[in-house]
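Reproduced below: model.txt, with compact mmCIF, C-alpha atoms.
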```txt
# COMPACT_ATOMS: atom_id res chain seq x y z
CA MET A 184 1.97 -18.15 -9.92
CA ALA A 185 -1.46 -17.98 -11.54
CA ASP A 186 -3.13 -18.31 -8.13
CA LEU A 187 -1.19 -15.35 -6.76
CA ALA A 188 -2.02 -13.25 -9.79
CA ASP A 189 -5.68 -14.07 -9.31
CA MET A 190 -5.45 -13.18 -5.60
CA VAL A 191 -3.99 -9.78 -6.44
CA ARG A 192 -6.52 -9.23 -9.21
CA ARG A 193 -9.38 -9.81 -6.76
CA HIS A 194 -8.04 -7.98 -3.72
CA ASP A 195 -5.78 -5.29 -5.20
CA PRO A 196 -7.01 -4.66 -8.75
CA ASP A 197 -5.19 -1.34 -9.15
CA ARG A 198 -1.77 -2.84 -8.49
CA PHE A 199 -2.67 -5.92 -10.53
CA PHE A 200 -3.39 -3.74 -13.57
CA CYS A 201 -0.21 -1.73 -13.10
CA ALA A 202 1.90 -4.89 -12.71
CA LEU A 203 0.92 -5.92 -16.23
CA PHE A 204 3.22 -3.15 -17.50
CA ALA A 205 6.27 -4.72 -15.84
CA PRO A 206 8.74 -6.80 -17.88
CA ALA A 207 7.25 -10.26 -18.26
CA ALA A 208 10.10 -11.91 -16.35
CA ARG A 209 9.34 -9.82 -13.25
CA ARG A 210 5.54 -9.82 -13.15
CA ASP A 211 5.35 -12.88 -10.92
CA ALA A 212 7.68 -11.15 -8.45
CA LEU A 213 5.29 -8.19 -8.27
CA PHE A 214 2.27 -10.45 -7.88
CA THR A 215 4.02 -12.25 -5.00
CA LEU A 216 4.96 -8.94 -3.35
CA TYR A 217 1.43 -7.56 -3.66
CA ALA A 218 -0.04 -10.82 -2.33
CA PHE A 219 2.32 -10.49 0.66
CA ASN A 220 1.04 -6.96 1.21
CA HIS A 221 -2.54 -8.29 1.18
CA GLU A 222 -1.63 -10.91 3.76
CA LEU A 223 -0.21 -8.21 6.05
CA ALA A 224 -3.41 -6.19 5.70
CA ARG A 225 -5.43 -9.28 6.60
CA ALA A 226 -3.54 -9.65 9.88
CA HIS A 227 -5.73 -6.96 11.41
CA GLU A 228 -8.87 -7.89 9.49
CA ALA A 229 -8.78 -11.56 10.45
CA ALA A 230 -7.80 -11.09 14.10
CA ARG A 231 -10.33 -9.63 16.52
CA GLU A 232 -7.69 -8.90 19.17
CA PRO A 233 -4.59 -6.74 18.57
CA ALA A 234 -2.38 -9.39 20.17
CA LEU A 235 -3.54 -11.95 17.61
CA ALA A 236 -2.77 -9.54 14.78
CA LEU A 237 0.75 -9.11 16.16
CA ILE A 238 1.18 -12.89 16.25
CA ARG A 239 0.21 -13.14 12.57
CA LEU A 240 2.61 -10.33 11.69
CA GLN A 241 5.41 -12.03 13.66
CA TRP A 242 4.81 -15.16 11.58
CA TRP A 243 5.48 -13.10 8.44
CA ARG A 244 8.52 -11.49 10.03
CA GLU A 245 9.97 -14.94 10.57
CA VAL A 246 9.32 -15.82 6.92
CA VAL A 247 11.17 -12.72 5.74
CA GLU A 248 14.03 -13.50 8.12
CA GLY A 249 14.43 -16.99 6.67
CA ALA A 250 12.05 -19.38 8.44
CA GLU A 251 10.71 -22.10 6.14
CA ARG A 252 6.93 -22.09 5.79
CA ARG A 253 4.65 -24.02 3.45
CA HIS A 254 2.17 -21.40 2.32
CA GLU A 255 0.85 -20.15 -1.02
CA VAL A 256 2.44 -16.73 -0.52
CA ALA A 257 5.25 -17.39 1.98
CA THR A 258 6.92 -20.09 -0.12
CA PRO A 259 7.38 -18.03 -3.33
CA LEU A 260 8.18 -14.93 -1.25
CA ALA A 261 11.02 -16.78 0.49
CA ALA A 262 12.32 -17.93 -2.88
CA LEU A 263 12.43 -14.36 -4.21
CA ILE A 264 14.28 -13.22 -1.09
CA ALA A 265 16.77 -16.07 -1.43
CA GLN A 266 17.36 -15.15 -5.08
CA GLY A 267 18.03 -11.52 -4.16
CA ILE A 268 15.07 -10.25 -6.18
CA LEU A 269 13.23 -8.93 -3.10
CA PRO A 270 15.43 -7.60 -0.27
CA PRO A 271 14.29 -8.15 3.33
CA ALA A 272 14.65 -4.51 4.49
CA PRO A 273 11.54 -2.98 2.82
CA LEU A 274 9.52 -6.11 3.60
CA LEU A 275 10.37 -5.82 7.29
CA SER A 276 9.52 -2.12 7.14
CA MET A 277 6.08 -3.04 5.81
CA ILE A 278 5.58 -5.43 8.73
CA GLU A 279 6.69 -2.80 11.26
CA ALA A 280 4.21 -0.30 9.81
CA ARG A 281 1.39 -2.83 10.20
CA GLU A 282 2.46 -3.54 13.78
CA ALA A 283 2.27 0.19 14.51
CA GLU A 284 -1.38 0.22 13.38
CA ILE A 285 -2.24 -1.19 16.80
CA ASP A 286 -2.13 2.41 18.06
CA VAL A 287 -3.56 5.66 16.70
CA PRO A 288 -0.70 7.80 15.27
CA LYS A 289 -0.04 10.60 17.75
CA THR A 290 0.95 13.23 15.21
CA LEU A 291 0.80 13.95 11.50
CA ASP A 292 4.56 13.42 11.28
CA VAL A 293 4.24 9.98 12.88
CA PHE A 294 1.41 9.15 10.49
CA LEU A 295 3.47 10.19 7.45
CA GLY A 296 6.38 8.13 8.74
CA LEU A 297 4.11 5.09 8.78
CA MET A 298 3.01 5.83 5.24
CA ARG A 299 6.63 5.91 4.11
CA GLY A 300 7.46 2.78 6.05
CA GLY A 301 4.41 0.84 4.86
CA PRO A 302 2.99 1.69 1.42
CA GLY A 303 6.18 3.60 0.63
CA ALA A 304 8.33 0.57 1.36
CA LEU A 305 5.99 -1.57 -0.74
CA ALA A 306 6.62 0.69 -3.74
CA VAL A 307 10.36 0.61 -3.05
CA ALA A 308 10.35 -3.20 -2.94
CA ALA A 309 8.49 -3.31 -6.25
CA GLY A 310 11.03 -0.92 -7.74
CA ILE A 311 13.99 -2.96 -6.50
CA ALA A 312 12.45 -6.08 -8.04
CA LEU A 313 12.42 -4.20 -11.33
CA GLY A 314 15.96 -2.83 -10.99
CA ALA A 315 15.35 0.68 -9.62
CA ASP A 316 18.39 2.67 -8.54
CA THR A 317 18.59 4.68 -5.31
CA ALA A 318 17.19 7.89 -6.81
CA VAL A 319 14.20 6.11 -8.31
CA GLN A 320 13.61 4.27 -5.04
CA ALA A 321 13.30 7.61 -3.25
CA ARG A 322 10.72 8.74 -5.79
CA LEU A 323 8.82 5.48 -5.41
CA ARG A 324 8.76 5.81 -1.63
CA ASP A 325 7.05 9.21 -1.93
CA LEU A 326 4.55 7.92 -4.47
CA GLY A 327 3.75 4.90 -2.33
CA ALA A 328 3.34 7.06 0.77
CA ALA A 329 0.89 9.29 -1.11
CA GLY A 330 -1.10 6.20 -1.99
CA GLY A 331 -1.09 5.20 1.66
CA VAL A 332 -2.54 8.56 2.68
CA ALA A 333 -5.28 8.27 0.07
CA GLY A 334 -5.98 4.68 1.10
CA THR A 335 -6.27 5.63 4.77
CA LEU A 336 -8.84 8.30 3.96
CA ARG A 337 -10.76 5.90 1.74
CA ASN A 338 -10.83 3.22 4.44
CA VAL A 339 -12.03 5.38 7.36
CA PRO A 340 -15.63 4.03 7.25
CA ALA A 341 -14.51 0.40 6.89
CA LEU A 342 -12.02 0.70 9.75
CA ALA A 343 -14.63 2.42 11.91
CA ARG A 344 -16.85 -0.64 11.62
CA HIS A 345 -14.02 -2.60 13.28
CA GLN A 346 -13.52 0.06 15.98
CA ARG A 347 -10.25 1.25 14.46
CA CYS A 348 -8.99 4.70 13.48
CA LEU A 349 -5.62 5.42 11.85
CA LEU A 350 -5.98 9.18 11.45
CA PRO A 351 -3.45 11.43 13.26
CA ARG A 352 -4.55 12.22 16.80
CA ASP A 353 -3.25 15.79 16.69
CA LEU A 354 -5.37 16.69 13.65
CA LEU A 355 -8.44 15.27 15.33
CA GLU A 356 -7.78 17.03 18.62
CA ALA A 357 -7.32 20.35 16.78
CA ALA A 358 -10.93 19.91 15.64
CA GLY A 359 -12.14 18.97 19.11
CA LEU A 360 -12.43 15.27 18.29
CA VAL A 361 -10.99 12.02 19.60
CA PRO A 362 -10.16 8.97 17.44
CA GLU A 363 -13.15 7.09 18.87
CA ALA A 364 -15.41 9.64 17.17
CA ALA A 365 -14.71 7.77 13.94
CA PHE A 366 -16.65 4.78 15.23
CA SER A 367 -19.94 6.66 15.34
CA ASP A 368 -19.35 9.51 12.88
CA PRO A 369 -16.64 8.73 10.29
CA ASP A 370 -17.76 11.67 8.17
CA ALA A 371 -16.89 14.07 10.99
CA VAL A 372 -13.33 12.78 11.37
CA LEU A 373 -12.87 12.82 7.62
CA ALA A 374 -13.99 16.43 7.47
CA ALA A 375 -11.54 17.30 10.23
CA THR A 376 -8.49 15.70 8.61
CA CYS A 377 -9.13 15.46 4.88
CA THR A 378 -7.81 18.86 3.79
CA ALA A 379 -4.47 18.50 5.59
CA LEU A 380 -3.95 14.90 4.50
CA VAL A 381 -4.89 15.47 0.87
CA SER A 382 -2.48 18.41 0.78
CA ARG A 383 0.34 16.22 2.08
CA ALA A 384 -0.52 13.49 -0.41
CA PHE A 385 -0.28 15.94 -3.32
CA SER A 386 3.07 17.17 -1.97
CA LEU A 387 4.36 13.60 -1.95
CA LEU A 388 3.12 13.00 -5.50
CA GLY A 389 4.82 16.15 -6.75
CA ARG A 390 5.05 16.82 -10.46
CA PRO A 391 5.20 13.82 -12.81
CA GLU A 392 8.74 12.68 -13.55
CA LYS A 393 10.15 10.50 -16.31
CA LEU A 394 11.16 7.06 -15.06
CA PRO A 395 13.11 4.19 -16.61
CA ARG A 396 10.85 1.98 -18.66
CA ALA A 397 11.79 -1.16 -16.75
CA VAL A 398 10.62 0.24 -13.39
CA VAL A 399 7.65 2.40 -14.37
CA ALA A 400 5.15 -0.33 -13.39
CA ALA A 401 6.14 0.12 -9.74
CA ALA A 402 5.10 3.79 -9.93
CA LEU A 403 1.91 3.49 -11.95
CA PRO A 404 -0.46 3.01 -8.97
CA ALA A 405 0.19 6.70 -8.26
CA ILE A 406 -1.79 7.55 -11.41
CA PHE A 407 -4.90 6.10 -9.79
CA VAL A 408 -4.05 7.91 -6.53
CA ARG A 409 -3.74 11.30 -8.22
CA ARG A 410 -7.08 10.89 -9.98
CA ASP A 411 -8.79 9.77 -6.76
CA LEU A 412 -7.46 12.76 -4.83
CA VAL A 413 -8.65 15.15 -7.53
CA ARG A 414 -12.10 13.59 -7.56
CA GLY A 415 -12.39 13.57 -3.79
CA ALA A 416 -15.29 11.12 -3.99
CA PRO A 417 -15.80 7.51 -2.88
CA ILE A 418 -14.11 5.12 -5.27
CA GLY A 419 -16.28 2.74 -7.22
CA PRO A 420 -15.32 0.42 -10.05
CA ARG A 421 -12.50 1.77 -12.20
CA GLY A 422 -13.67 3.42 -15.39
CA VAL A 423 -12.11 3.39 -18.82
CA GLY A 424 -10.70 6.85 -18.20
CA ASP A 425 -8.69 5.64 -15.21
CA ARG A 426 -7.10 2.83 -17.18
CA TRP A 427 -6.38 5.08 -20.15
CA ALA A 428 -4.59 7.45 -17.80
CA VAL A 429 -2.36 4.59 -16.66
CA LEU A 430 -1.77 3.49 -20.26
CA TRP A 431 -0.79 7.02 -21.25
CA ALA A 432 1.54 7.39 -18.27
CA ALA A 433 3.17 4.04 -19.01
CA ALA A 434 3.71 4.98 -22.66
CA ARG A 435 5.29 8.33 -21.70
CA ARG A 436 7.03 6.90 -18.59
CA MET A 437 5.79 9.97 -16.71
CA VAL A 438 4.53 9.36 -13.17
```

Output the file's structure as structure tokens, nothing else.
Amino acid sequence: MADLADMVRRHDPDRFFCALFAPAARRDALFTLYAFNHELARAHEAAREPALALIRLQWWREVVEGAERRHEVATPLAALIAQGILPPAPLLSMIEAREAEIDVPKTLDVFLGLMRGGPGALAVAAGIALGADTAVQARLRDLGAAGGVAGTLRNVPALARHQRCLLPRDLLEAAGLVPEAAFSDPDAVLAATCTALVSRAFSLLGRPEKLPRAVVAAALPAIFVRRDLVRGAPIGPRGVGDRWAVLWAAARRMV
């Protein structure tokens, strides 16, 4: 599993750091899950045409549904599913959310549904791998969705370079803009949607709650999200203060 841990460390350093706070016996499960999430994200990045992205996502759907594949991520993922450590339902939800990225979300409610079904389901899957009960899973879904909102805002310029926009159409139209405006002026679409989306993200984060020690690692990425939303600035390399905030939250089990 060292290769998967290294993949997550390179491509998803926030979740990699947070996974280190999981019980040792479950860290590899989190690394596999987060590597799977990276592979889903790559479906759009690696495919120039939407149809090709859907084909890649269908390949992963078949893996989750039981098809045997020799692959550095698919093989250990299938094993975790077979062992009952990772359930198929949230994994399929993550795939469905990525499939929906083919189209611009029509409304803010649709957008938030995608955040719950994608990043929210990812957090739920991590929690289940760590033994989270139903109540904690609901909390994790909200935290993950908040992270998805923050990530969407952060990625507007990068997506624009690939002629993609995932911001809610109704928010843009209320400002007299169309999604395609992001391609030439990402700052304008950010200005038009940022206030509403940041507000929703903070609502999803809510007040910190105490979580069981065994599952807190699944929630810790929300510490980074909260700090990023407060800063409201482009994210560079993580500073010592960010990591200390995660350490403090992990010690108190408050996320």

Name all residues at most 10 Å from A:Val413 (count only C-alpha atoms; drop same-chain ones fewer than 3 positions away) and give them as a PyMOL selection string.
-> chain A and resi 381+385+408-410+416

Just want the 10 Å neighbourhood of stretch 216-224 of chain A, counted on all atoms listed in the file, with same-chain residues fewer than 3 positions away dropped. Output as a short mmCIF file (atom, residue, chain, number, x, y, z; two decimals) with C-alpha atoms, keeping the file's coordinate frame.
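Ended up saving to out.cif:
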```
data_model
loop_
_atom_site.label_atom_id
_atom_site.label_comp_id
_atom_site.auth_asym_id
_atom_site.auth_seq_id
_atom_site.Cartn_x
_atom_site.Cartn_y
_atom_site.Cartn_z
CA ASP A 186 -3.13 -18.31 -8.13
CA LEU A 187 -1.19 -15.35 -6.76
CA ALA A 188 -2.02 -13.25 -9.79
CA ASP A 189 -5.68 -14.07 -9.31
CA MET A 190 -5.45 -13.18 -5.60
CA VAL A 191 -3.99 -9.78 -6.44
CA ARG A 192 -6.52 -9.23 -9.21
CA HIS A 194 -8.04 -7.98 -3.72
CA ASP A 195 -5.78 -5.29 -5.20
CA ARG A 198 -1.77 -2.84 -8.49
CA PHE A 199 -2.67 -5.92 -10.53
CA ALA A 202 1.90 -4.89 -12.71
CA ARG A 210 5.54 -9.82 -13.15
CA ASP A 211 5.35 -12.88 -10.92
CA ALA A 212 7.68 -11.15 -8.45
CA LEU A 213 5.29 -8.19 -8.27
CA HIS A 227 -5.73 -6.96 11.41
CA GLU A 228 -8.87 -7.89 9.49
CA ALA A 229 -8.78 -11.56 10.45
CA ALA A 236 -2.77 -9.54 14.78
CA ARG A 239 0.21 -13.14 12.57
CA LEU A 240 2.61 -10.33 11.69
CA TRP A 243 5.48 -13.10 8.44
CA GLU A 255 0.85 -20.15 -1.02
CA VAL A 256 2.44 -16.73 -0.52
CA ALA A 257 5.25 -17.39 1.98
CA PRO A 259 7.38 -18.03 -3.33
CA LEU A 260 8.18 -14.93 -1.25
CA LEU A 263 12.43 -14.36 -4.21
CA LEU A 269 13.23 -8.93 -3.10
CA LEU A 274 9.52 -6.11 3.60
CA MET A 277 6.08 -3.04 5.81
CA ILE A 278 5.58 -5.43 8.73
CA ALA A 280 4.21 -0.30 9.81
CA ARG A 281 1.39 -2.83 10.20
CA GLU A 282 2.46 -3.54 13.78
CA GLY A 301 4.41 0.84 4.86
CA PRO A 302 2.99 1.69 1.42
CA LEU A 305 5.99 -1.57 -0.74
CA ALA A 306 6.62 0.69 -3.74
CA ALA A 308 10.35 -3.20 -2.94
CA ALA A 309 8.49 -3.31 -6.25
CA ALA A 312 12.45 -6.08 -8.04
#
```

Long-range neighbours of A:Ala428 as a list in words, 10 Å cut-off, all atoms listed in the file, 3 positions minimum in chain |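 Contacts, with the query itself left out: Leu403, Ile406, Phe407, Arg410, Val423, Gly424, Asp425, Trp431, Ala432, Ala433 and Ala434 of chain A.
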
Atomic distance atom CA of A:Pro391 - atom CA of A:Arg436, expressed in Å with one decimal = 9.2 Å

So how far away is atom CA of A:Val398 from atom CA of A:Leu313, in Å?
->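 Distance reported for this atom pair: 5.2 Å.
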
If we count all atoms listed in the file, what is near A:Thr335 at a cut-off of 9 Å, once residues fewer than 5 positions away on the same chain are taken out, given as a list in words?
->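 Counting only the stated atoms, we get Gly330, Leu349 and Leu350 of chain A.
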
Please output stretch 260-273 of chain A, rebuilt to include N, CA and C atoms, as a PDB file, keeping the file's coordinate frame.
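result.pdb, written as the output of this step:
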```pdb
ATOM      1  N   LEU A 260       7.538 -16.125  -1.782  1.00  0.00           N
ATOM      2  CA  LEU A 260       8.180 -14.930  -1.250  1.00  0.00           C
ATOM      3  C   LEU A 260       9.587 -15.271  -0.761  1.00  0.00           C
ATOM      4  N   ALA A 261       9.714 -16.361  -0.014  1.00  0.00           N
ATOM      5  CA  ALA A 261      11.020 -16.780   0.490  1.00  0.00           C
ATOM      6  C   ALA A 261      11.982 -17.068  -0.660  1.00  0.00           C
ATOM      7  N   ALA A 262      11.467 -17.641  -1.734  1.00  0.00           N
ATOM      8  CA  ALA A 262      12.320 -17.930  -2.880  1.00  0.00           C
ATOM      9  C   ALA A 262      12.850 -16.642  -3.516  1.00  0.00           C
ATOM     10  N   LEU A 263      11.999 -15.639  -3.630  1.00  0.00           N
ATOM     11  CA  LEU A 263      12.430 -14.360  -4.210  1.00  0.00           C
ATOM     12  C   LEU A 263      13.453 -13.667  -3.323  1.00  0.00           C
ATOM     13  N   ILE A 264      13.293 -13.799  -2.012  1.00  0.00           N
ATOM     14  CA  ILE A 264      14.280 -13.220  -1.090  1.00  0.00           C
ATOM     15  C   ILE A 264      15.610 -13.957  -1.244  1.00  0.00           C
ATOM     16  N   ALA A 265      15.552 -15.278  -1.304  1.00  0.00           N
ATOM     17  CA  ALA A 265      16.770 -16.070  -1.430  1.00  0.00           C
ATOM     18  C   ALA A 265      17.504 -15.766  -2.738  1.00  0.00           C
ATOM     19  N   GLN A 266      16.756 -15.467  -3.783  1.00  0.00           N
ATOM     20  CA  GLN A 266      17.360 -15.150  -5.080  1.00  0.00           C
ATOM     21  C   GLN A 266      17.867 -13.718  -5.164  1.00  0.00           C
ATOM     22  N   GLY A 267      17.590 -12.909  -4.147  1.00  0.00           N
ATOM     23  CA  GLY A 267      18.030 -11.520  -4.160  1.00  0.00           C
ATOM     24  C   GLY A 267      17.144 -10.597  -4.962  1.00  0.00           C
ATOM     25  N   ILE A 268      15.979 -11.081  -5.391  1.00  0.00           N
ATOM     26  CA  ILE A 268      15.070 -10.250  -6.180  1.00  0.00           C
ATOM     27  C   ILE A 268      14.300  -9.289  -5.267  1.00  0.00           C
ATOM     28  N   LEU A 269      13.891  -9.770  -4.103  1.00  0.00           N
ATOM     29  CA  LEU A 269      13.230  -8.930  -3.100  1.00  0.00           C
ATOM     30  C   LEU A 269      14.126  -8.884  -1.862  1.00  0.00           C
ATOM     31  N   PRO A 270      14.593  -7.702  -1.470  1.00  0.00           N
ATOM     32  CA  PRO A 270      15.430  -7.600  -0.270  1.00  0.00           C
ATOM     33  C   PRO A 270      14.570  -7.586   0.987  1.00  0.00           C
ATOM     34  N   PRO A 271      15.096  -8.104   2.102  1.00  0.00           N
ATOM     35  CA  PRO A 271      14.290  -8.150   3.330  1.00  0.00           C
ATOM     36  C   PRO A 271      13.953  -6.778   3.907  1.00  0.00           C
ATOM     37  N   ALA A 272      14.824  -5.784   3.768  1.00  0.00           N
ATOM     38  CA  ALA A 272      14.650  -4.510   4.490  1.00  0.00           C
ATOM     39  C   ALA A 272      13.285  -3.853   4.251  1.00  0.00           C
ATOM     40  N   PRO A 273      12.861  -3.612   2.998  1.00  0.00           N
ATOM     41  CA  PRO A 273      11.540  -2.980   2.820  1.00  0.00           C
ATOM     42  C   PRO A 273      10.395  -3.882   3.250  1.00  0.00           C
TER      43      PRO A 273
END
```
